[in-house]
Every structure is written in C-alpha cells, then in structure tokens.
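Okay, structure36.cif is below, mmCIF, C-alpha atoms, pLDDT in the B column; chains and numbers go by the auth columns:
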```
data_structure
#
loop_
_atom_site.group_PDB
_atom_site.id
_atom_site.type_symbol
_atom_site.label_atom_id
_atom_site.label_comp_id
_atom_site.label_asym_id
_atom_site.label_seq_id
_atom_site.Cartn_x
_atom_site.Cartn_y
_atom_site.Cartn_z
_atom_site.B_iso_or_equiv
_atom_site.auth_seq_id
_atom_site.auth_asym_id
ATOM 1 C CA MET A 1 93.690 67.141 133.696 96.00 20 A
ATOM 2 C CA THR A 2 92.854 70.815 134.050 97.00 21 A
ATOM 3 C CA ARG A 3 90.413 72.269 136.585 98.00 22 A
ATOM 4 C CA ILE A 4 87.710 74.538 135.150 98.00 23 A
ATOM 5 C CA ASN A 5 85.051 76.629 136.848 98.00 24 A
ATOM 6 C CA LEU A 6 82.169 77.971 134.832 98.00 25 A
ATOM 7 C CA THR A 7 78.478 78.721 134.951 98.00 26 A
ATOM 8 C CA VAL A 8 76.274 76.641 132.677 98.00 27 A
ATOM 9 C CA ASP A 9 72.638 77.649 132.324 98.00 28 A
ATOM 10 C CA GLY A 10 72.867 79.548 135.600 97.00 29 A
ATOM 11 C CA GLN A 11 74.462 76.710 137.583 98.00 30 A
ATOM 12 C CA GLN A 12 78.037 76.853 138.893 98.00 31 A
ATOM 13 C CA VAL A 13 80.167 73.963 137.659 98.00 32 A
ATOM 14 C CA ALA A 14 83.678 72.904 138.701 98.00 33 A
ATOM 15 C CA ASP A 15 85.291 69.968 136.944 97.00 34 A
ATOM 16 C CA ASP A 16 88.544 68.410 135.825 98.00 35 A
ATOM 17 C CA VAL A 17 88.809 68.029 132.049 98.00 36 A
ATOM 18 C CA GLU A 18 91.339 66.908 129.495 97.00 37 A
ATOM 19 C CA PRO A 19 92.870 70.057 127.989 97.00 38 A
ATOM 20 C CA ARG A 20 91.869 68.904 124.495 97.00 39 A
ATOM 21 C CA MET A 21 88.174 68.279 125.305 98.00 40 A
ATOM 22 C CA LEU A 22 85.835 70.344 123.152 97.00 41 A
ATOM 23 C CA LEU A 23 83.169 72.398 124.862 98.00 42 A
ATOM 24 C CA VAL A 24 80.419 70.617 122.896 98.00 43 A
ATOM 25 C CA HIS A 25 81.574 67.235 124.214 97.00 44 A
ATOM 26 C CA TYR A 26 81.898 68.584 127.749 98.00 45 A
ATOM 27 C CA LEU A 27 78.356 69.970 127.655 98.00 46 A
ATOM 28 C CA ARG A 28 76.868 66.797 126.200 98.00 47 A
ATOM 29 C CA GLU A 29 78.906 64.047 127.849 97.00 48 A
ATOM 30 C CA ARG A 30 79.655 65.512 131.275 97.00 49 A
ATOM 31 C CA LEU A 31 76.658 67.768 131.863 98.00 50 A
ATOM 32 C CA GLY A 32 73.969 65.994 129.817 98.00 51 A
ATOM 33 C CA LYS A 33 73.190 69.103 127.756 98.00 52 A
ATOM 34 C CA THR A 34 72.245 67.063 124.690 97.00 53 A
ATOM 35 C CA GLY A 35 70.280 69.912 123.116 96.00 54 A
ATOM 36 C CA THR A 36 73.684 71.192 122.026 97.00 55 A
ATOM 37 C CA VAL A 37 74.010 69.088 118.891 95.00 56 A
ATOM 38 C CA VAL A 38 77.173 67.693 117.338 94.00 57 A
ATOM 39 C CA GLY A 39 76.639 68.214 113.647 89.00 58 A
ATOM 40 C CA CYS A 40 79.996 68.273 111.934 88.00 59 A
ATOM 41 C CA ASP A 41 82.876 68.807 114.411 75.00 60 A
ATOM 42 C CA THR A 42 84.374 71.244 111.907 86.00 61 A
ATOM 43 C CA SER A 43 82.453 74.446 112.780 88.00 62 A
ATOM 44 C CA ASN A 44 80.680 74.415 109.420 92.00 63 A
ATOM 45 C CA CYS A 45 77.088 73.657 110.420 95.00 64 A
ATOM 46 C CA GLY A 46 76.416 75.696 113.587 96.00 65 A
ATOM 47 C CA ALA A 47 74.237 73.020 115.220 96.00 66 A
ATOM 48 C CA CYS A 48 76.405 73.231 118.345 97.00 67 A
ATOM 49 C CA THR A 49 75.983 76.998 118.826 98.00 68 A
ATOM 50 C CA VAL A 50 75.826 78.148 122.451 98.00 69 A
ATOM 51 C CA HIS A 51 76.348 81.495 124.146 98.00 70 A
ATOM 52 C CA LEU A 52 79.683 82.095 125.802 98.00 71 A
ATOM 53 C CA ASP A 53 79.446 85.184 127.995 98.00 72 A
ATOM 54 C CA GLY A 54 76.417 86.254 125.960 96.00 73 A
ATOM 55 C CA THR A 55 77.927 85.834 122.502 97.00 74 A
ATOM 56 C CA SER A 56 77.172 82.919 120.192 97.00 75 A
ATOM 57 C CA VAL A 57 80.023 80.502 119.527 98.00 76 A
ATOM 58 C CA LYS A 58 80.245 77.144 117.840 97.00 77 A
ATOM 59 C CA SER A 59 81.066 74.909 120.782 97.00 78 A
ATOM 60 C CA CYS A 60 82.815 72.343 118.563 96.00 79 A
ATOM 61 C CA ASN A 61 85.412 75.048 117.934 95.00 80 A
ATOM 62 C CA VAL A 62 86.018 75.954 121.601 97.00 81 A
ATOM 63 C CA LEU A 63 87.940 73.925 124.144 98.00 82 A
ATOM 64 C CA ALA A 64 86.258 73.404 127.506 98.00 83 A
ATOM 65 C CA VAL A 65 89.312 74.957 129.188 98.00 84 A
ATOM 66 C CA GLN A 66 88.733 78.124 127.144 98.00 85 A
ATOM 67 C CA ALA A 67 85.355 78.467 128.874 98.00 86 A
ATOM 68 C CA ASP A 68 86.984 78.546 132.305 98.00 87 A
ATOM 69 C CA GLY A 69 85.497 81.447 134.268 98.00 88 A
ATOM 70 C CA ALA A 70 82.800 82.070 131.656 98.00 89 A
ATOM 71 C CA ALA A 71 79.024 81.818 131.570 98.00 90 A
ATOM 72 C CA VAL A 72 77.703 79.309 129.034 98.00 91 A
ATOM 73 C CA THR A 73 74.062 79.270 127.989 98.00 92 A
ATOM 74 C CA THR A 74 72.717 76.302 126.057 98.00 93 A
ATOM 75 C CA ILE A 75 69.356 75.772 124.395 98.00 94 A
ATOM 76 C CA GLU A 76 68.238 74.102 127.655 97.00 95 A
ATOM 77 C CA GLY A 77 68.986 77.286 129.567 97.00 96 A
ATOM 78 C CA ILE A 78 66.904 79.838 127.675 97.00 97 A
ATOM 79 C CA ALA A 79 63.381 78.908 128.758 95.00 98 A
ATOM 80 C CA THR A 80 62.032 80.724 131.809 93.00 99 A
ATOM 81 C CA ASP A 81 59.875 78.949 134.387 93.00 100 A
ATOM 82 C CA GLY A 82 58.966 76.284 131.848 90.00 101 A
ATOM 83 C CA ALA A 83 57.866 78.828 129.221 96.00 102 A
ATOM 84 C CA LEU A 84 59.611 78.789 125.867 96.00 103 A
ATOM 85 C CA HIS A 85 61.944 81.652 125.074 97.00 104 A
ATOM 86 C CA PRO A 86 60.273 84.067 122.615 96.00 105 A
ATOM 87 C CA VAL A 87 62.609 82.922 119.827 97.00 106 A
ATOM 88 C CA GLN A 88 61.742 79.282 120.509 97.00 107 A
ATOM 89 C CA GLU A 89 58.073 80.223 120.412 96.00 108 A
ATOM 90 C CA ALA A 90 58.546 82.088 117.121 97.00 109 A
ATOM 91 C CA PHE A 91 60.239 79.058 115.545 96.00 110 A
ATOM 92 C CA ARG A 92 57.324 76.905 116.720 95.00 111 A
ATOM 93 C CA GLU A 93 54.673 79.336 115.503 95.00 112 A
ATOM 94 C CA CYS A 94 56.300 79.913 112.095 95.00 113 A
ATOM 95 C CA HIS A 95 57.308 76.302 111.465 93.00 114 A
ATOM 96 C CA GLY A 96 60.975 77.312 111.387 93.00 115 A
ATOM 97 C CA LEU A 97 62.073 73.707 111.726 88.00 116 A
ATOM 98 C CA GLN A 98 61.527 70.372 110.102 87.00 117 A
ATOM 99 C CA CYS A 99 63.792 67.614 111.346 90.00 118 A
ATOM 100 C CA GLY A 100 64.918 69.893 114.188 90.00 119 A
ATOM 101 C CA TYR A 101 68.592 68.961 114.082 93.00 120 A
ATOM 102 C CA CYS A 102 69.803 72.485 113.309 94.00 121 A
ATOM 103 C CA THR A 103 67.136 74.190 115.414 96.00 122 A
ATOM 104 C CA PRO A 104 69.045 74.597 118.706 97.00 123 A
ATOM 105 C CA GLY A 105 71.955 76.278 116.929 97.00 124 A
ATOM 106 C CA MET A 106 69.632 78.393 114.787 97.00 125 A
ATOM 107 C CA ILE A 107 67.753 79.588 117.857 98.00 126 A
ATOM 108 C CA MET A 108 70.916 80.409 119.789 98.00 127 A
ATOM 109 C CA GLN A 109 72.342 82.298 116.809 98.00 128 A
ATOM 110 C CA THR A 110 69.028 84.112 116.316 98.00 129 A
ATOM 111 C CA ILE A 111 69.012 85.304 119.924 98.00 130 A
ATOM 112 C CA ASP A 112 72.501 86.734 119.462 97.00 131 A
ATOM 113 C CA LEU A 113 71.502 88.300 116.145 98.00 132 A
ATOM 114 C CA LEU A 114 68.445 89.967 117.694 98.00 133 A
ATOM 115 C CA ASN A 115 70.454 91.199 120.665 97.00 134 A
ATOM 116 C CA ASP A 116 72.752 92.983 118.202 97.00 135 A
ATOM 117 C CA ASP A 117 69.985 94.128 115.833 97.00 136 A
ATOM 118 C CA PRO A 118 66.436 94.006 117.262 97.00 137 A
ATOM 119 C CA ASP A 119 64.866 94.856 113.888 96.00 138 A
ATOM 120 C CA PRO A 120 66.969 93.176 111.188 98.00 139 A
ATOM 121 C CA SER A 121 66.118 93.226 107.498 97.00 140 A
ATOM 122 C CA GLU A 122 65.650 89.937 105.671 97.00 141 A
ATOM 123 C CA GLU A 123 69.134 90.366 104.220 97.00 142 A
ATOM 124 C CA ALA A 124 70.598 90.954 107.704 98.00 143 A
ATOM 125 C CA ILE A 125 68.817 87.832 109.008 98.00 144 A
ATOM 126 C CA ARG A 126 70.166 85.688 106.185 97.00 145 A
ATOM 127 C CA LEU A 127 73.652 87.114 106.700 97.00 146 A
ATOM 128 C CA GLY A 128 73.426 86.673 110.461 97.00 147 A
ATOM 129 C CA LEU A 129 72.461 83.020 110.119 97.00 148 A
ATOM 130 C CA GLU A 130 74.806 82.114 107.272 94.00 149 A
ATOM 131 C CA GLY A 131 77.088 80.086 109.562 93.00 150 A
ATOM 132 C CA ASN A 132 74.184 77.805 110.516 95.00 151 A
ATOM 133 C CA LEU A 133 73.151 75.204 107.986 94.00 152 A
ATOM 134 C CA CYS A 134 69.716 73.672 107.516 92.00 153 A
ATOM 135 C CA ARG A 135 69.267 70.791 105.127 88.00 154 A
ATOM 136 C CA CYS A 136 65.466 70.631 105.312 87.00 155 A
ATOM 137 C CA THR A 137 63.678 73.965 105.217 79.00 156 A
ATOM 138 C CA GLY A 138 65.149 76.181 102.536 81.00 157 A
ATOM 139 C CA TYR A 139 65.399 78.848 105.263 92.00 158 A
ATOM 140 C CA HIS A 140 62.146 80.663 104.343 94.00 159 A
ATOM 141 C CA ASN A 141 60.315 79.730 107.541 95.00 160 A
ATOM 142 C CA ILE A 142 63.455 80.270 109.596 96.00 161 A
ATOM 143 C CA VAL A 143 63.667 83.843 108.287 97.00 162 A
ATOM 144 C CA ARG A 144 59.948 84.289 109.007 96.00 163 A
ATOM 145 C CA ALA A 145 60.502 82.994 112.555 97.00 164 A
ATOM 146 C CA VAL A 146 63.301 85.505 113.137 97.00 165 A
ATOM 147 C CA GLN A 147 61.118 88.309 111.771 97.00 166 A
ATOM 148 C CA HIS A 148 58.283 87.154 114.030 97.00 167 A
ATOM 149 C CA ALA A 149 60.570 87.117 117.073 97.00 168 A
ATOM 150 C CA ALA A 150 61.802 90.601 116.172 97.00 169 A
ATOM 151 C CA ALA A 151 58.260 91.956 115.741 93.00 170 A
ATOM 152 C CA GLY A 152 58.340 93.212 119.328 63.00 171 A
ATOM 153 C CA SER A 153 61.730 94.168 120.726 46.00 172 A
ATOM 154 C CA ASP A 154 60.691 92.802 124.106 48.00 173 A
ATOM 155 C CA ARG A 155 60.278 89.404 122.412 41.00 174 A
ATOM 156 C CA ALA A 156 63.928 89.324 121.430 41.00 175 A
ATOM 157 C CA GLU A 157 65.386 90.600 124.692 45.00 176 A
ATOM 158 C CA GLY A 158 66.424 88.569 127.696 46.00 177 A
ATOM 159 C CA ALA A 159 68.414 86.166 125.583 42.00 178 A
ATOM 160 C CA SER A 160 71.121 84.724 127.760 43.00 179 A
ATOM 161 C CA ALA A 161 72.100 84.844 131.352 37.00 180 A
#
```
Please, can you express the file's structure as structure tokens?
Amino acid sequence: MTRINLTVDGQQVADDVEPRMLLVHYLRERLGKTGTVVGCDTSNCGACTVHLDGTSVKSCNVLAVQADGAAVTTIEGIATDGALHPVQEAFRECHGLQCGYCTPGMIMQTIDLLNDDPDPSEEAIRLGLEGNLCRCTGYHNIVRAVQHAAAGSDRAEGASA
C-alpha cells in the first residue's frame, strides 16, 4: 500500500492505495465520485475525464499514486453553491446530451478547452473534444453547447479549483 494525499473537489484526502489502482477507480470506489464514468478503461472514450491540477486528464489512464499532492476536480466539484457550472448549464440549454454517459467527460474537457481558448471556432471545438466519444448525439448539439458557454468569457471562467 502507498499513502497518498490529495485534494478532491476542494476536500483534503489522505488514503492508502494499491500502487496499481487507477484514479478513476479510486474516485468512484473509495470516494463515491460516481459522476466520473468508466467508459472503456483504455483512454479511448474520455468519459472519465477529470481535472488534475487544472488540466483535463483521462482518469482511467492515471494511477491514483500519480495524483499524490495534486488537486483533482470531478464533475461533482464544479457546481457552486448548488448552481450548475456555466458549461453544465450550456449543455442543458442546448441539449448537448442524450443518454448522458459521455456528458461528465465532455463537460470537463470543454471547461479545459475554454480555459485555453475562450472563443474557439467550431473546428477548434471539434478538435478539442476529439478524445471524447459520444455515441448518441452526432456532436452537433455538443458543439452548440460549447459555443453557447463561450458566448461570454465570464461563462467559461472559474472552471476548476
């Protein structure tokens, strides 16, 4: 067992983990952060995307011990005082989801994308989300949701703690 210390959604966490435990399994099984979805375990789908020190990562491709000392933000940690994050609100308003399975990863990747480029073109949005797969929507409403979130730069800011 290896001792890790990290901050998850603003809360300090100290725990002993198996060195081979994936971050996605740690978040879901130990911390109950089930919004971080296990989609493929191969880093192909992006459903497990979280922010590690403010940058999006596929948590099925990161060991929990690699997050030692880091700040992790999950989909559960982006709302403020019960209000949806502006990107969550944009996905809701623009119907950027259907079954919802990919939505947490799409939202987390979108926040990172908008932090890097607050006014992305449609091509930049599609490129920025290419590592996140959706099997339901055809991506049109997802792109519209990202554009909607980017419509005001203040909507896209304040992404992760």
Taking the file above as input, evaluate the PyMOL selection byres ((chain A and resi 151-160) around 12) and report the hits as a PDB file with C-alpha atoms, in the frame of the given file.
```
ATOM      1  CA  GLY A  58      76.639  68.214 113.647  1.00 89.00           C
ATOM      2  CA  CYS A  59      79.996  68.273 111.934  1.00 88.00           C
ATOM      3  CA  SER A  62      82.453  74.446 112.780  1.00 88.00           C
ATOM      4  CA  ASN A  63      80.680  74.415 109.420  1.00 92.00           C
ATOM      5  CA  CYS A  64      77.088  73.657 110.420  1.00 95.00           C
ATOM      6  CA  GLY A  65      76.416  75.696 113.587  1.00 96.00           C
ATOM      7  CA  ALA A  66      74.237  73.020 115.220  1.00 96.00           C
ATOM      8  CA  CYS A  67      76.405  73.231 118.345  1.00 97.00           C
ATOM      9  CA  THR A  68      75.983  76.998 118.826  1.00 98.00           C
ATOM     10  CA  SER A  75      77.172  82.919 120.192  1.00 97.00           C
ATOM     11  CA  VAL A  76      80.023  80.502 119.527  1.00 98.00           C
ATOM     12  CA  LYS A  77      80.245  77.144 117.840  1.00 97.00           C
ATOM     13  CA  ALA A 109      58.546  82.088 117.121  1.00 97.00           C
ATOM     14  CA  PHE A 110      60.239  79.058 115.545  1.00 96.00           C
ATOM     15  CA  ARG A 111      57.324  76.905 116.720  1.00 95.00           C
ATOM     16  CA  GLU A 112      54.673  79.336 115.503  1.00 95.00           C
ATOM     17  CA  CYS A 113      56.300  79.913 112.095  1.00 95.00           C
ATOM     18  CA  HIS A 114      57.308  76.302 111.465  1.00 93.00           C
ATOM     19  CA  GLY A 115      60.975  77.312 111.387  1.00 93.00           C
ATOM     20  CA  LEU A 116      62.073  73.707 111.726  1.00 88.00           C
ATOM     21  CA  GLN A 117      61.527  70.372 110.102  1.00 87.00           C
ATOM     22  CA  CYS A 118      63.792  67.614 111.346  1.00 90.00           C
ATOM     23  CA  GLY A 119      64.918  69.893 114.188  1.00 90.00           C
ATOM     24  CA  TYR A 120      68.592  68.961 114.082  1.00 93.00           C
ATOM     25  CA  CYS A 121      69.803  72.485 113.309  1.00 94.00           C
ATOM     26  CA  THR A 122      67.136  74.190 115.414  1.00 96.00           C
ATOM     27  CA  PRO A 123      69.045  74.597 118.706  1.00 97.00           C
ATOM     28  CA  GLY A 124      71.955  76.278 116.929  1.00 97.00           C
ATOM     29  CA  MET A 125      69.632  78.393 114.787  1.00 97.00           C
ATOM     30  CA  ILE A 126      67.753  79.588 117.857  1.00 98.00           C
ATOM     31  CA  MET A 127      70.916  80.409 119.789  1.00 98.00           C
ATOM     32  CA  GLN A 128      72.342  82.298 116.809  1.00 98.00           C
ATOM     33  CA  THR A 129      69.028  84.112 116.316  1.00 98.00           C
ATOM     34  CA  GLU A 141      65.650  89.937 105.671  1.00 97.00           C
ATOM     35  CA  GLU A 142      69.134  90.366 104.220  1.00 97.00           C
ATOM     36  CA  ILE A 144      68.817  87.832 109.008  1.00 98.00           C
ATOM     37  CA  ARG A 145      70.166  85.688 106.185  1.00 97.00           C
ATOM     38  CA  LEU A 146      73.652  87.114 106.700  1.00 97.00           C
ATOM     39  CA  GLY A 147      73.426  86.673 110.461  1.00 97.00           C
ATOM     40  CA  LEU A 148      72.461  83.020 110.119  1.00 97.00           C
ATOM     41  CA  GLU A 149      74.806  82.114 107.272  1.00 94.00           C
ATOM     42  CA  GLY A 150      77.088  80.086 109.562  1.00 93.00           C
ATOM     43  CA  ILE A 161      63.455  80.270 109.596  1.00 96.00           C
ATOM     44  CA  VAL A 162      63.667  83.843 108.287  1.00 97.00           C
ATOM     45  CA  ARG A 163      59.948  84.289 109.007  1.00 96.00           C
ATOM     46  CA  ALA A 164      60.502  82.994 112.555  1.00 97.00           C
ATOM     47  CA  VAL A 165      63.301  85.505 113.137  1.00 97.00           C
ATOM     48  CA  GLN A 166      61.118  88.309 111.771  1.00 97.00           C
ATOM     49  CA  HIS A 167      58.283  87.154 114.030  1.00 97.00           C
TER      50      HIS A 167
END
```
All residues 7 Å or closer to region 83-90 of chain A, all atoms listed in the file, same chain fewer than 6 positions away omitted, as a count of residues only: 12
For CA of Gln107 (chain A) and CA of Arg49 (chain A), quote the distance in Å rounded to one decimal.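 Rounded to one decimal, the two atoms are 25.0 Å apart.
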Which residue is closest to Ala169 (chain A)? Choose from A:Leu133, A:Val69, A:Ile97, A:Leu82 and count all atoms listed in the file.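 Counting all atoms listed in the file, the residue closest to Ala169 (chain A) is A:Leu133.
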Here is a test: counting only C-alpha atoms, which residue of A:Thr92, A:Ala143, A:Ala168, A:Thr21 is nearest to Pro105 (chain A)?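 Going through A:Thr92, A:Ala143, A:Ala168, A:Thr21 one by one, the smallest distance to Pro105 (chain A) is for A:Ala168.
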For Thr55 (chain A), which residue out of A:Val91, A:Val32, A:Ile130, A:Ala102 is the nearest one, using all atoms listed in the file?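 Of the candidates, the smallest distance to Thr55 (chain A) is held by A:Val91.
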Would you work out the distance separating CA of Ser78 (chain A) from CA of Ala170 (chain A), expressed in Å to one decimal?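 These atoms are spaced 28.9 Å apart.
The coordinates place CA of Leu50 (chain A) at 15.4 Å from CA of Cys79 (chain A).
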With all atoms of region 133-140 of chain A from the file as input, state the centre and edge lengths in Å to one decimal of the axis-aligned box that has 4 Å extra on each side, as lines of an AutoDock Vina configuration file.
```
center_x = 68.8
center_y = 92.4
center_z = 114.1
size_x = 15.9
size_y = 12.9
size_z = 21.2
```
Which neighbours of Lys52 (chain A) fall inside 10 Å, counting all atoms listed in the file, when residues of the same chain fewer than 2 positions from it are skipped, and could you give them as JSON, numbers by chain? {"A": [27, 28, 43, 44, 45, 46, 47, 48, 49, 50, 54, 55, 56, 93, 94, 95, 96]}
